>>> print(open('protein.cif').read())   # mmCIF, N, CA, C and O atoms
data_run
loop_
_atom_site.group_PDB
_atom_site.id
_atom_site.type_symbol
_atom_site.label_atom_id
_atom_site.label_comp_id
_atom_site.auth_asym_id
_atom_site.auth_seq_id
_atom_site.Cartn_x
_atom_site.Cartn_y
_atom_site.Cartn_z
ATOM 1 N N MET T 1 -10.690 -51.194 -39.034
ATOM 2 C CA MET T 1 -11.157 -51.537 -37.705
ATOM 3 C C MET T 1 -12.587 -52.057 -37.787
ATOM 4 O O MET T 1 -13.455 -51.399 -38.341
ATOM 5 N N PRO T 2 -12.841 -53.238 -37.241
ATOM 6 C CA PRO T 2 -14.206 -53.773 -37.243
ATOM 7 C C PRO T 2 -15.179 -52.876 -36.478
ATOM 8 O O PRO T 2 -14.806 -52.217 -35.511
ATOM 9 N N ALA T 3 -16.425 -52.893 -36.884
ATOM 10 C CA ALA T 3 -17.442 -52.024 -36.284
ATOM 11 C C ALA T 3 -17.708 -52.351 -34.823
ATOM 12 O O ALA T 3 -18.146 -51.487 -34.066
ATOM 13 N N ASP T 4 -17.442 -53.591 -34.412
ATOM 14 C CA ASP T 4 -17.746 -53.972 -33.035
ATOM 15 C C ASP T 4 -16.618 -53.662 -32.053
ATOM 16 O O ASP T 4 -16.726 -53.958 -30.872
ATOM 17 N N GLU T 5 -15.539 -53.052 -32.529
ATOM 18 C CA GLU T 5 -14.450 -52.675 -31.638
ATOM 19 C C GLU T 5 -14.697 -51.299 -31.022
ATOM 20 O O GLU T 5 -15.266 -50.418 -31.653
ATOM 21 N N ILE T 6 -14.225 -51.146 -29.803
ATOM 22 C CA ILE T 6 -14.258 -49.852 -29.122
ATOM 23 C C ILE T 6 -12.898 -49.209 -29.352
ATOM 24 O O ILE T 6 -11.866 -49.830 -29.104
ATOM 25 N N LEU T 7 -12.872 -48.000 -29.848
ATOM 26 C CA LEU T 7 -11.613 -47.318 -30.150
ATOM 27 C C LEU T 7 -11.246 -46.355 -29.025
ATOM 28 O O LEU T 7 -12.054 -45.529 -28.609
ATOM 29 N N VAL T 8 -10.001 -46.477 -28.557
ATOM 30 C CA VAL T 8 -9.443 -45.550 -27.579
ATOM 31 C C VAL T 8 -8.215 -44.926 -28.236
ATOM 32 O O VAL T 8 -7.214 -45.602 -28.456
ATOM 33 N N ASP T 9 -8.316 -43.666 -28.584
ATOM 34 C CA ASP T 9 -7.221 -42.964 -29.258
ATOM 35 C C ASP T 9 -6.447 -42.151 -28.219
ATOM 36 O O ASP T 9 -6.905 -41.111 -27.769
ATOM 37 N N ALA T 10 -5.279 -42.658 -27.843
ATOM 38 C CA ALA T 10 -4.460 -41.989 -26.828
ATOM 39 C C ALA T 10 -3.179 -41.429 -27.436
ATOM 40 O O ALA T 10 -2.196 -41.211 -26.730
ATOM 41 N N ARG T 11 -3.205 -41.200 -28.744
ATOM 42 C CA ARG T 11 -2.025 -40.609 -29.381
ATOM 43 C C ARG T 11 -1.800 -39.212 -28.822
ATOM 44 O O ARG T 11 -2.747 -38.483 -28.542
ATOM 45 N N GLY T 12 -0.525 -38.885 -28.616
ATOM 46 C CA GLY T 12 -0.183 -37.577 -28.087
ATOM 47 C C GLY T 12 -0.093 -37.544 -26.568
ATOM 48 O O GLY T 12 0.238 -36.512 -25.995
ATOM 49 N N HIS T 13 -0.397 -38.651 -25.927
ATOM 50 C CA HIS T 13 -0.340 -38.731 -24.468
ATOM 51 C C HIS T 13 0.786 -39.655 -24.043
ATOM 52 O O HIS T 13 1.064 -40.651 -24.701
ATOM 53 N N ARG T 14 1.413 -39.342 -22.946
ATOM 54 C CA ARG T 14 2.506 -40.160 -22.399
ATOM 55 C C ARG T 14 1.957 -41.108 -21.349
ATOM 56 O O ARG T 14 0.943 -40.836 -20.698
ATOM 57 N N CYS T 15 2.640 -42.217 -21.185
ATOM 58 C CA CYS T 15 2.258 -43.189 -20.157
ATOM 59 C C CYS T 15 2.335 -42.517 -18.796
ATOM 60 O O CYS T 15 3.225 -41.706 -18.589
ATOM 61 N N PRO T 16 1.375 -42.812 -17.958
ATOM 62 C CA PRO T 16 0.426 -43.926 -17.988
ATOM 63 C C PRO T 16 -0.926 -43.603 -18.612
ATOM 64 O O PRO T 16 -1.829 -44.434 -18.546
ATOM 65 N N VAL T 17 -1.103 -42.450 -19.229
ATOM 66 C CA VAL T 17 -2.424 -42.051 -19.741
ATOM 67 C C VAL T 17 -3.018 -43.071 -20.719
ATOM 68 O O VAL T 17 -4.192 -43.437 -20.576
ATOM 69 N N PRO T 18 -2.273 -43.579 -21.714
ATOM 70 C CA PRO T 18 -2.893 -44.562 -22.619
ATOM 71 C C PRO T 18 -3.446 -45.785 -21.877
ATOM 72 O O PRO T 18 -4.564 -46.237 -22.158
ATOM 73 N N THR T 19 -2.683 -46.289 -20.921
ATOM 74 C CA THR T 19 -3.136 -47.465 -20.172
ATOM 75 C C THR T 19 -4.334 -47.120 -19.288
ATOM 76 O O THR T 19 -5.266 -47.928 -19.159
ATOM 77 N N LEU T 20 -4.355 -45.938 -18.706
ATOM 78 C CA LEU T 20 -5.500 -45.529 -17.892
ATOM 79 C C LEU T 20 -6.764 -45.403 -18.738
ATOM 80 O O LEU T 20 -7.854 -45.807 -18.306
ATOM 81 N N ARG T 21 -6.630 -44.873 -19.943
ATOM 82 C CA ARG T 21 -7.795 -44.769 -20.836
ATOM 83 C C ARG T 21 -8.270 -46.153 -21.265
ATOM 84 O O ARG T 21 -9.471 -46.400 -21.381
ATOM 85 N N LEU T 22 -7.319 -47.060 -21.502
ATOM 86 C CA LEU T 22 -7.677 -48.436 -21.834
ATOM 87 C C LEU T 22 -8.426 -49.074 -20.668
ATOM 88 O O LEU T 22 -9.451 -49.726 -20.859
ATOM 89 N N ARG T 23 -7.944 -48.871 -19.453
ATOM 90 C CA ARG T 23 -8.595 -49.426 -18.261
ATOM 91 C C ARG T 23 -10.038 -48.937 -18.161
ATOM 92 O O ARG T 23 -10.958 -49.724 -17.936
ATOM 93 N N ARG T 24 -10.255 -47.629 -18.340
ATOM 94 C CA ARG T 24 -11.618 -47.070 -18.253
ATOM 95 C C ARG T 24 -12.534 -47.680 -19.306
ATOM 96 O O ARG T 24 -13.686 -47.993 -19.025
ATOM 97 N N ALA T 25 -12.026 -47.833 -20.522
ATOM 98 C CA ALA T 25 -12.842 -48.402 -21.603
ATOM 99 C C ALA T 25 -13.202 -49.859 -21.304
ATOM 100 O O ALA T 25 -14.347 -50.273 -21.525
ATOM 101 N N LEU T 26 -12.255 -50.620 -20.781
ATOM 102 C CA LEU T 26 -12.528 -52.019 -20.449
ATOM 103 C C LEU T 26 -13.516 -52.136 -19.290
ATOM 104 O O LEU T 26 -14.376 -53.018 -19.292
ATOM 105 N N GLU T 27 -13.400 -51.258 -18.305
ATOM 106 C CA GLU T 27 -14.321 -51.289 -17.167
ATOM 107 C C GLU T 27 -15.764 -51.037 -17.618
ATOM 108 O O GLU T 27 -16.694 -51.629 -17.083
ATOM 109 N N ALA T 28 -15.931 -50.174 -18.606
ATOM 110 C CA ALA T 28 -17.272 -49.828 -19.085
ATOM 111 C C ALA T 28 -17.812 -50.828 -20.110
ATOM 112 O O ALA T 28 -19.010 -50.830 -20.390
ATOM 113 N N ALA T 29 -16.945 -51.689 -20.638
ATOM 114 C CA ALA T 29 -17.327 -52.603 -21.712
ATOM 115 C C ALA T 29 -17.839 -53.930 -21.143
ATOM 116 O O ALA T 29 -17.448 -54.337 -20.046
ATOM 117 N N PRO T 30 -18.692 -54.615 -21.917
ATOM 118 C CA PRO T 30 -19.157 -55.934 -21.477
ATOM 119 C C PRO T 30 -18.062 -56.989 -21.663
ATOM 120 O O PRO T 30 -17.108 -56.778 -22.411
ATOM 121 N N SER T 31 -18.214 -58.110 -21.004
ATOM 122 C CA SER T 31 -17.272 -59.211 -21.146
ATOM 123 C C SER T 31 -17.196 -59.638 -22.622
ATOM 124 O O SER T 31 -18.207 -59.691 -23.303
ATOM 125 N N GLY T 32 -15.994 -59.889 -23.090
ATOM 126 C CA GLY T 32 -15.796 -60.290 -24.484
ATOM 127 C C GLY T 32 -15.595 -59.127 -25.443
ATOM 128 O O GLY T 32 -15.307 -59.334 -26.624
ATOM 129 N N ALA T 33 -15.743 -57.908 -24.951
ATOM 130 C CA ALA T 33 -15.582 -56.721 -25.807
ATOM 131 C C ALA T 33 -14.140 -56.599 -26.285
ATOM 132 O O ALA T 33 -13.200 -56.957 -25.587
ATOM 133 N N ARG T 34 -13.987 -56.078 -27.495
ATOM 134 C CA ARG T 34 -12.672 -55.831 -28.083
ATOM 135 C C ARG T 34 -12.416 -54.324 -28.066
ATOM 136 O O ARG T 34 -13.222 -53.556 -28.584
ATOM 137 N N VAL T 35 -11.314 -53.929 -27.455
ATOM 138 C CA VAL T 35 -10.957 -52.514 -27.361
ATOM 139 C C VAL T 35 -9.633 -52.311 -28.097
ATOM 140 O O VAL T 35 -8.648 -52.989 -27.821
ATOM 141 N N ARG T 36 -9.638 -51.396 -29.063
ATOM 142 C CA ARG T 36 -8.419 -51.060 -29.803
ATOM 143 C C ARG T 36 -7.844 -49.769 -29.222
ATOM 144 O O ARG T 36 -8.516 -48.746 -29.186
ATOM 145 N N LEU T 37 -6.610 -49.852 -28.774
ATOM 146 C CA LEU T 37 -5.896 -48.692 -28.240
ATOM 147 C C LEU T 37 -4.867 -48.226 -29.268
ATOM 148 O O LEU T 37 -4.061 -49.027 -29.748
ATOM 149 N N LEU T 38 -4.904 -46.944 -29.590
ATOM 150 C CA LEU T 38 -3.879 -46.322 -30.424
ATOM 151 C C LEU T 38 -3.033 -45.440 -29.526
ATOM 152 O O LEU T 38 -3.569 -44.635 -28.761
ATOM 153 N N ALA T 39 -1.719 -45.610 -29.597
ATOM 154 C CA ALA T 39 -0.809 -44.829 -28.763
ATOM 155 C C ALA T 39 0.478 -44.587 -29.528
ATOM 156 O O ALA T 39 0.858 -45.389 -30.385
ATOM 157 N N ASP T 40 1.142 -43.474 -29.221
ATOM 158 C CA ASP T 40 2.428 -43.209 -29.857
ATOM 159 C C ASP T 40 3.567 -43.078 -28.840
ATOM 160 O O ASP T 40 4.686 -42.748 -29.203
ATOM 161 N N ASP T 41 3.283 -43.384 -27.595
ATOM 162 C CA ASP T 41 4.330 -43.402 -26.575
ATOM 163 C C ASP T 41 5.005 -44.775 -26.610
ATOM 164 O O ASP T 41 4.340 -45.800 -26.438
ATOM 165 N N PRO T 42 6.318 -44.828 -26.847
ATOM 166 C CA PRO T 42 7.016 -46.118 -26.928
ATOM 167 C C PRO T 42 6.855 -46.988 -25.680
ATOM 168 O O PRO T 42 6.915 -48.215 -25.769
ATOM 169 N N LEU T 43 6.633 -46.383 -24.518
ATOM 170 C CA LEU T 43 6.459 -47.173 -23.295
ATOM 171 C C LEU T 43 5.187 -48.018 -23.322
ATOM 172 O O LEU T 43 5.066 -48.985 -22.566
ATOM 173 N N ALA T 44 4.249 -47.692 -24.196
ATOM 174 C CA ALA T 44 3.026 -48.496 -24.307
ATOM 175 C C ALA T 44 3.349 -49.923 -24.735
ATOM 176 O O ALA T 44 2.610 -50.855 -24.409
ATOM 177 N N ARG T 45 4.461 -50.112 -25.449
ATOM 178 C CA ARG T 45 4.874 -51.466 -25.852
ATOM 179 C C ARG T 45 5.043 -52.371 -24.630
ATOM 180 O O ARG T 45 4.824 -53.570 -24.707
ATOM 181 N N ILE T 46 5.457 -51.791 -23.533
ATOM 182 C CA ILE T 46 5.675 -52.541 -22.289
ATOM 183 C C ILE T 46 4.425 -52.500 -21.412
ATOM 184 O O ILE T 46 3.978 -53.524 -20.886
ATOM 185 N N ASP T 47 3.858 -51.308 -21.247
ATOM 186 C CA ASP T 47 2.750 -51.104 -20.314
ATOM 187 C C ASP T 47 1.474 -51.857 -20.687
ATOM 188 O O ASP T 47 0.823 -52.444 -19.824
ATOM 189 N N VAL T 48 1.103 -51.832 -21.960
ATOM 190 C CA VAL T 48 -0.176 -52.435 -22.355
ATOM 191 C C VAL T 48 -0.171 -53.958 -22.192
ATOM 192 O O VAL T 48 -1.095 -54.506 -21.579
ATOM 193 N N PRO T 49 0.843 -54.677 -22.688
ATOM 194 C CA PRO T 49 0.839 -56.131 -22.446
ATOM 195 C C PRO T 49 0.873 -56.484 -20.953
ATOM 196 O O PRO T 49 0.201 -57.431 -20.518
ATOM 197 N N HIS T 50 1.623 -55.705 -20.176
ATOM 198 C CA HIS T 50 1.687 -55.952 -18.732
ATOM 199 C C HIS T 50 0.312 -55.721 -18.095
ATOM 200 O O HIS T 50 -0.153 -56.533 -17.286
ATOM 201 N N PHE T 51 -0.351 -54.640 -18.465
ATOM 202 C CA PHE T 51 -1.685 -54.333 -17.950
ATOM 203 C C PHE T 51 -2.664 -55.449 -18.319
ATOM 204 O O PHE T 51 -3.441 -55.902 -17.472
ATOM 205 N N ALA T 52 -2.641 -55.898 -19.567
ATOM 206 C CA ALA T 52 -3.558 -56.954 -20.004
ATOM 207 C C ALA T 52 -3.337 -58.220 -19.179
ATOM 208 O O ALA T 52 -4.303 -58.844 -18.719
ATOM 209 N N ALA T 53 -2.093 -58.592 -18.973
ATOM 210 C CA ALA T 53 -1.791 -59.792 -18.188
ATOM 211 C C ALA T 53 -2.261 -59.651 -16.743
ATOM 212 O O ALA T 53 -2.812 -60.601 -16.166
ATOM 213 N N GLU T 54 -2.069 -58.476 -16.168
ATOM 214 C CA GLU T 54 -2.489 -58.233 -14.779
ATOM 215 C C GLU T 54 -3.998 -58.330 -14.592
ATOM 216 O O GLU T 54 -4.471 -58.761 -13.545
ATOM 217 N N THR T 55 -4.748 -57.894 -15.590
ATOM 218 C CA THR T 55 -6.204 -57.838 -15.456
ATOM 219 C C THR T 55 -6.910 -59.074 -16.000
ATOM 220 O O THR T 55 -8.130 -59.168 -15.903
ATOM 221 N N GLY T 56 -6.171 -59.981 -16.602
ATOM 222 C CA GLY T 56 -6.780 -61.181 -17.168
ATOM 223 C C GLY T 56 -7.359 -60.971 -18.548
ATOM 224 O O GLY T 56 -8.012 -61.861 -19.090
ATOM 225 N N ALA T 57 -7.125 -59.812 -19.137
ATOM 226 C CA ALA T 57 -7.585 -59.551 -20.509
ATOM 227 C C ALA T 57 -6.612 -60.207 -21.488
ATOM 228 O O ALA T 57 -5.457 -60.470 -21.154
ATOM 229 N N ALA T 58 -7.084 -60.452 -22.683
ATOM 230 C CA ALA T 58 -6.243 -61.073 -23.711
ATOM 231 C C ALA T 58 -5.750 -60.013 -24.685
ATOM 232 O O ALA T 58 -6.535 -59.198 -25.176
ATOM 233 N N LEU T 59 -4.468 -60.024 -24.954
ATOM 234 C CA LEU T 59 -3.904 -59.138 -25.975
ATOM 235 C C LEU T 59 -4.017 -59.880 -27.299
ATOM 236 O O LEU T 59 -3.240 -60.783 -27.598
ATOM 237 N N ALA T 60 -5.037 -59.526 -28.080
ATOM 238 C CA ALA T 60 -5.356 -60.257 -29.306
ATOM 239 C C ALA T 60 -4.543 -59.797 -30.503
ATOM 240 O O ALA T 60 -4.362 -60.552 -31.459
ATOM 241 N N GLU T 61 -4.073 -58.564 -30.471
ATOM 242 C CA GLU T 61 -3.363 -58.015 -31.632
ATOM 243 C C GLU T 61 -2.432 -56.915 -31.176
ATOM 244 O O GLU T 61 -2.742 -56.173 -30.259
ATOM 245 N N ARG T 62 -1.281 -56.848 -31.847
ATOM 246 C CA ARG T 62 -0.302 -55.781 -31.586
ATOM 247 C C ARG T 62 0.324 -55.437 -32.928
ATOM 248 O O ARG T 62 0.789 -56.309 -33.641
ATOM 249 N N ALA T 63 0.334 -54.148 -33.277
ATOM 250 C CA ALA T 63 0.900 -53.714 -34.554
ATOM 251 C C ALA T 63 1.499 -52.318 -34.393
ATOM 252 O O ALA T 63 1.194 -51.610 -33.435
ATOM 253 N N GLU T 64 2.338 -51.954 -35.347
ATOM 254 C CA GLU T 64 2.921 -50.622 -35.354
ATOM 255 C C GLU T 64 3.058 -50.160 -36.798
ATOM 256 O O GLU T 64 3.516 -50.910 -37.654
ATOM 257 N N ALA T 65 2.643 -48.929 -37.061
ATOM 258 C CA ALA T 65 2.768 -48.339 -38.385
ATOM 259 C C ALA T 65 2.926 -46.832 -38.243
ATOM 260 O O ALA T 65 2.157 -46.198 -37.520
ATOM 261 N N ASP T 66 3.919 -46.289 -38.895
ATOM 262 C CA ASP T 66 4.161 -44.847 -38.896
ATOM 263 C C ASP T 66 4.249 -44.265 -37.485
ATOM 264 O O ASP T 66 3.728 -43.180 -37.216
ATOM 265 N N GLY T 67 4.868 -45.001 -36.573
ATOM 266 C CA GLY T 67 5.055 -44.512 -35.214
ATOM 267 C C GLY T 67 3.859 -44.655 -34.306
ATOM 268 O O GLY T 67 3.889 -44.226 -33.155
ATOM 269 N N VAL T 68 2.776 -45.257 -34.809
ATOM 270 C CA VAL T 68 1.572 -45.446 -33.999
ATOM 271 C C VAL T 68 1.456 -46.921 -33.626
ATOM 272 O O VAL T 68 1.481 -47.795 -34.491
ATOM 273 N N LEU T 69 1.343 -47.166 -32.343
ATOM 274 C CA LEU T 69 1.150 -48.520 -31.833
ATOM 275 C C LEU T 69 -0.347 -48.794 -31.755
ATOM 276 O O LEU T 69 -1.130 -47.927 -31.363
ATOM 277 N N SER T 70 -0.729 -49.997 -32.135
ATOM 278 C CA SER T 70 -2.130 -50.398 -32.090
ATOM 279 C C SER T 70 -2.221 -51.722 -31.335
ATOM 280 O O SER T 70 -1.514 -52.675 -31.663
ATOM 281 N N PHE T 71 -3.067 -51.764 -30.331
ATOM 282 C CA PHE T 71 -3.278 -52.960 -29.527
ATOM 283 C C PHE T 71 -4.779 -53.275 -29.519
ATOM 284 O O PHE T 71 -5.575 -52.360 -29.364
ATOM 285 N N VAL T 72 -5.116 -54.538 -29.662
ATOM 286 C CA VAL T 72 -6.501 -54.972 -29.471
ATOM 287 C C VAL T 72 -6.514 -55.846 -28.226
ATOM 288 O O VAL T 72 -5.817 -56.860 -28.161
ATOM 289 N N VAL T 73 -7.284 -55.407 -27.232
ATOM 290 C CA VAL T 73 -7.393 -56.109 -25.968
ATOM 291 C C VAL T 73 -8.826 -56.601 -25.821
ATOM 292 O O VAL T 73 -9.774 -55.850 -26.059
ATOM 293 N N VAL T 74 -8.973 -57.876 -25.454
ATOM 294 C CA VAL T 74 -10.297 -58.481 -25.287
ATOM 295 C C VAL T 74 -10.562 -58.660 -23.805
ATOM 296 O O VAL T 74 -9.783 -59.295 -23.095
ATOM 297 N N LYS T 75 -11.683 -58.108 -23.354
ATOM 298 C CA LYS T 75 -12.032 -58.195 -21.935
ATOM 299 C C LYS T 75 -12.469 -59.605 -21.584
ATOM 300 O O LYS T 75 -13.236 -60.236 -22.302
ATOM 301 N N ALA T 76 -11.958 -60.091 -20.471
ATOM 302 C CA ALA T 76 -12.290 -61.450 -20.008
ATOM 303 C C ALA T 76 -13.717 -61.519 -19.507
ATOM 304 O O ALA T 76 -14.312 -60.560 -19.135
#
>>> encode(input="protein.cif", output="structure tokens")
Amino acid sequence: MPADEILVDARGHRCPVPTLRLRRALEAAPSGARVRLLADDPLARIDVPHFAAETGAALAERAEADGVLSFVVVKA
């Protein structure tokens, strides 16, 4: 993970908590900030891209390894 990314670790939480934590981090971040969300709730696969599209943020990266979903969202 690059040093300039903001990490939001929401593993162990069920939706909508991961998306709510992502929202709070983006609200506090400056424009252009990169926020990495880690989640293990399968519904995050649907919720996070939908949330990013709704808010005008860019979903820059999506990955999955060992049951952990990783999303990088860039604030508009």
>>> atom_distance(input="protein.cif", atom1="atom C of T:Gly32", atom2="atom O of T:Asp4")
7.6 Å
>>> closest_residue(input="protein.cif", among="T:Arg11, T:Lys75, T:His50, T:Arg62", to="T:Arg24", atoms="only C-alpha atoms")
T:Lys75
>>> residues_around(input="protein.cif", residues="T:Asp9", least_positions_apart="2", cutoff="9 Å", atoms="only C-alpha atoms", output="PDB file with N, CA, C and O atoms, keeping the file's coordinate frame")
ATOM      1  N   LEU T   7     -12.872 -48.000 -29.848  1.00  0.00           N
ATOM      2  CA  LEU T   7     -11.613 -47.318 -30.150  1.00  0.00           C
ATOM      3  C   LEU T   7     -11.246 -46.355 -29.025  1.00  0.00           C
ATOM      4  O   LEU T   7     -12.054 -45.529 -28.609  1.00  0.00           O
ATOM      5  N   ARG T  11      -3.205 -41.200 -28.744  1.00  0.00           N
ATOM      6  CA  ARG T  11      -2.025 -40.609 -29.381  1.00  0.00           C
ATOM      7  C   ARG T  11      -1.800 -39.212 -28.822  1.00  0.00           C
ATOM      8  O   ARG T  11      -2.747 -38.483 -28.542  1.00  0.00           O
ATOM      9  N   GLY T  12      -0.525 -38.885 -28.616  1.00  0.00           N
ATOM     10  CA  GLY T  12      -0.183 -37.577 -28.087  1.00  0.00           C
ATOM     11  C   GLY T  12      -0.093 -37.544 -26.568  1.00  0.00           C
ATOM     12  O   GLY T  12       0.238 -36.512 -25.995  1.00  0.00           O
ATOM     13  N   PRO T  18      -2.273 -43.579 -21.714  1.00  0.00           N
ATOM     14  CA  PRO T  18      -2.893 -44.562 -22.619  1.00  0.00           C
ATOM     15  C   PRO T  18      -3.446 -45.785 -21.877  1.00  0.00           C
ATOM     16  O   PRO T  18      -4.564 -46.237 -22.158  1.00  0.00           O
ATOM     17  N   ARG T  21      -6.630 -44.873 -19.943  1.00  0.00           N
ATOM     18  CA  ARG T  21      -7.795 -44.769 -20.836  1.00  0.00           C
ATOM     19  C   ARG T  21      -8.270 -46.153 -21.265  1.00  0.00           C
ATOM     20  O   ARG T  21      -9.471 -46.400 -21.381  1.00  0.00           O
ATOM     21  N   ARG T  36      -9.638 -51.396 -29.063  1.00  0.00           N
ATOM     22  CA  ARG T  36      -8.419 -51.060 -29.803  1.00  0.00           C
ATOM     23  C   ARG T  36      -7.844 -49.769 -29.222  1.00  0.00           C
ATOM     24  O   ARG T  36      -8.516 -48.746 -29.186  1.00  0.00           O
ATOM     25  N   LEU T  37      -6.610 -49.852 -28.774  1.00  0.00           N
ATOM     26  CA  LEU T  37      -5.896 -48.692 -28.240  1.00  0.00           C
ATOM     27  C   LEU T  37      -4.867 -48.226 -29.268  1.00  0.00           C
ATOM     28  O   LEU T  37      -4.061 -49.027 -29.748  1.00  0.00           O
ATOM     29  N   LEU T  38      -4.904 -46.944 -29.590  1.00  0.00           N
ATOM     30  CA  LEU T  38      -3.879 -46.322 -30.424  1.00  0.00           C
ATOM     31  C   LEU T  38      -3.033 -45.440 -29.526  1.00  0.00           C
ATOM     32  O   LEU T  38      -3.569 -44.635 -28.761  1.00  0.00           O
ATOM     33  N   ALA T  39      -1.719 -45.610 -29.597  1.00  0.00           N
ATOM     34  CA  ALA T  39      -0.809 -44.829 -28.763  1.00  0.00           C
ATOM     35  C   ALA T  39       0.478 -44.587 -29.528  1.00  0.00           C
ATOM     36  O   ALA T  39       0.858 -45.389 -30.385  1.00  0.00           O
TER      37      ALA T  39
END
>>> residues_near_point(input="protein.cif", point="(-9.6, -55.3, -28.9)", cutoff="6 Å", atoms="all atoms listed in the file", output="ChimeraX atom specification")
/T:6,33-36,71-74
>>> write_last_selection(input="protein.cif", atoms="N, CA, C and O atoms", output="CSV table (one decimal), keeping the file's coordinate frame")
chain,number,residue,atom,x,y,z
T,6,ILE,N,-14.2,-51.1,-29.8
T,6,ILE,CA,-14.3,-49.9,-29.1
T,6,ILE,C,-12.9,-49.2,-29.4
T,6,ILE,O,-11.9,-49.8,-29.1
T,33,ALA,N,-15.7,-57.9,-25.0
T,33,ALA,CA,-15.6,-56.7,-25.8
T,33,ALA,C,-14.1,-56.6,-26.3
T,33,ALA,O,-13.2,-57.0,-25.6
T,34,ARG,N,-14.0,-56.1,-27.5
T,34,ARG,CA,-12.7,-55.8,-28.1
T,34,ARG,C,-12.4,-54.3,-28.1
T,34,ARG,O,-13.2,-53.6,-28.6
T,35,VAL,N,-11.3,-53.9,-27.5
T,35,VAL,CA,-11.0,-52.5,-27.4
T,35,VAL,C,-9.6,-52.3,-28.1
T,35,VAL,O,-8.6,-53.0,-27.8
T,36,ARG,N,-9.6,-51.4,-29.1
T,36,ARG,CA,-8.4,-51.1,-29.8
T,36,ARG,C,-7.8,-49.8,-29.2
T,36,ARG,O,-8.5,-48.7,-29.2
T,71,PHE,N,-3.1,-51.8,-30.3
T,71,PHE,CA,-3.3,-53.0,-29.5
T,71,PHE,C,-4.8,-53.3,-29.5
T,71,PHE,O,-5.6,-52.4,-29.4
T,72,VAL,N,-5.1,-54.5,-29.7
T,72,VAL,CA,-6.5,-55.0,-29.5
T,72,VAL,C,-6.5,-55.8,-28.2
T,72,VAL,O,-5.8,-56.9,-28.2
T,73,VAL,N,-7.3,-55.4,-27.2
T,73,VAL,CA,-7.4,-56.1,-26.0
T,73,VAL,C,-8.8,-56.6,-25.8
T,73,VAL,O,-9.8,-55.8,-26.1
T,74,VAL,N,-9.0,-57.9,-25.5
T,74,VAL,CA,-10.3,-58.5,-25.3
T,74,VAL,C,-10.6,-58.7,-23.8
T,74,VAL,O,-9.8,-59.3,-23.1
>>> residues_around(input="protein.cif", residues="T:Pro42", least_positions_apart="3", cutoff="8 Å", atoms="only N, CA, C and O atoms", output="list in words")
His13, Arg14, Cys15, Ala39, Arg45, Ile46, Asp47, Val48, Gly67 and Leu69 of chain T
>>> select_by_dssp(input="protein.cif", residues="chain T", states="strand (DSSP E)", output="list of chain:residue names")
T:Glu5, T:Ile6, T:Leu7, T:Val8, T:Asp9, T:Arg34, T:Val35, T:Arg36, T:Leu37, T:Leu38, T:Ala39, T:Ala58, T:Leu59, T:Ala60, T:Glu61, T:Arg62, T:Ala63, T:Glu64, T:Ala65, T:Val68, T:Leu69, T:Ser70, T:Phe71, T:Val72, T:Val73, T:Val74
>>> axis_aligned_box(input="protein.cif", around="stretch 57-64 of chain T", padding_each_side="3 Å", output="AutoDock Vina command-line options")
--center_x -2.0 --center_y -55.6 --center_z -28.4 --size_x 17.1 --size_y 16.9 --size_z 24.5
>>> select_by_dssp(input="protein.cif", residues="stretch 1-74 of chain T", states="alpha helix (DSSP H)", output="list of chain:residue names")
T:Val17, T:Pro18, T:Thr19, T:Leu20, T:Arg21, T:Leu22, T:Arg23, T:Arg24, T:Ala25, T:Leu26, T:Glu27, T:Ala28, T:Ala44, T:Arg45, T:Ile46, T:Asp47, T:Val48, T:Pro49, T:His50, T:Phe51, T:Ala52, T:Ala53, T:Glu54, T:Thr55
>>> closest_residue(input="protein.cif", among="T:Ala28, T:Leu20, T:Ala10, T:Ala76", to="T:Ala57", atoms="only N, CA, C and O atoms")
T:Ala76
>>> atom_distance(input="protein.cif", atom1="atom CA of T:Glu54", atom2="atom O of T:Pro16")
14.3 Å
>>> atom_distance(input="protein.cif", atom1="atom CA of T:Gly56", atom2="atom O of T:Val8")
19.2 Å
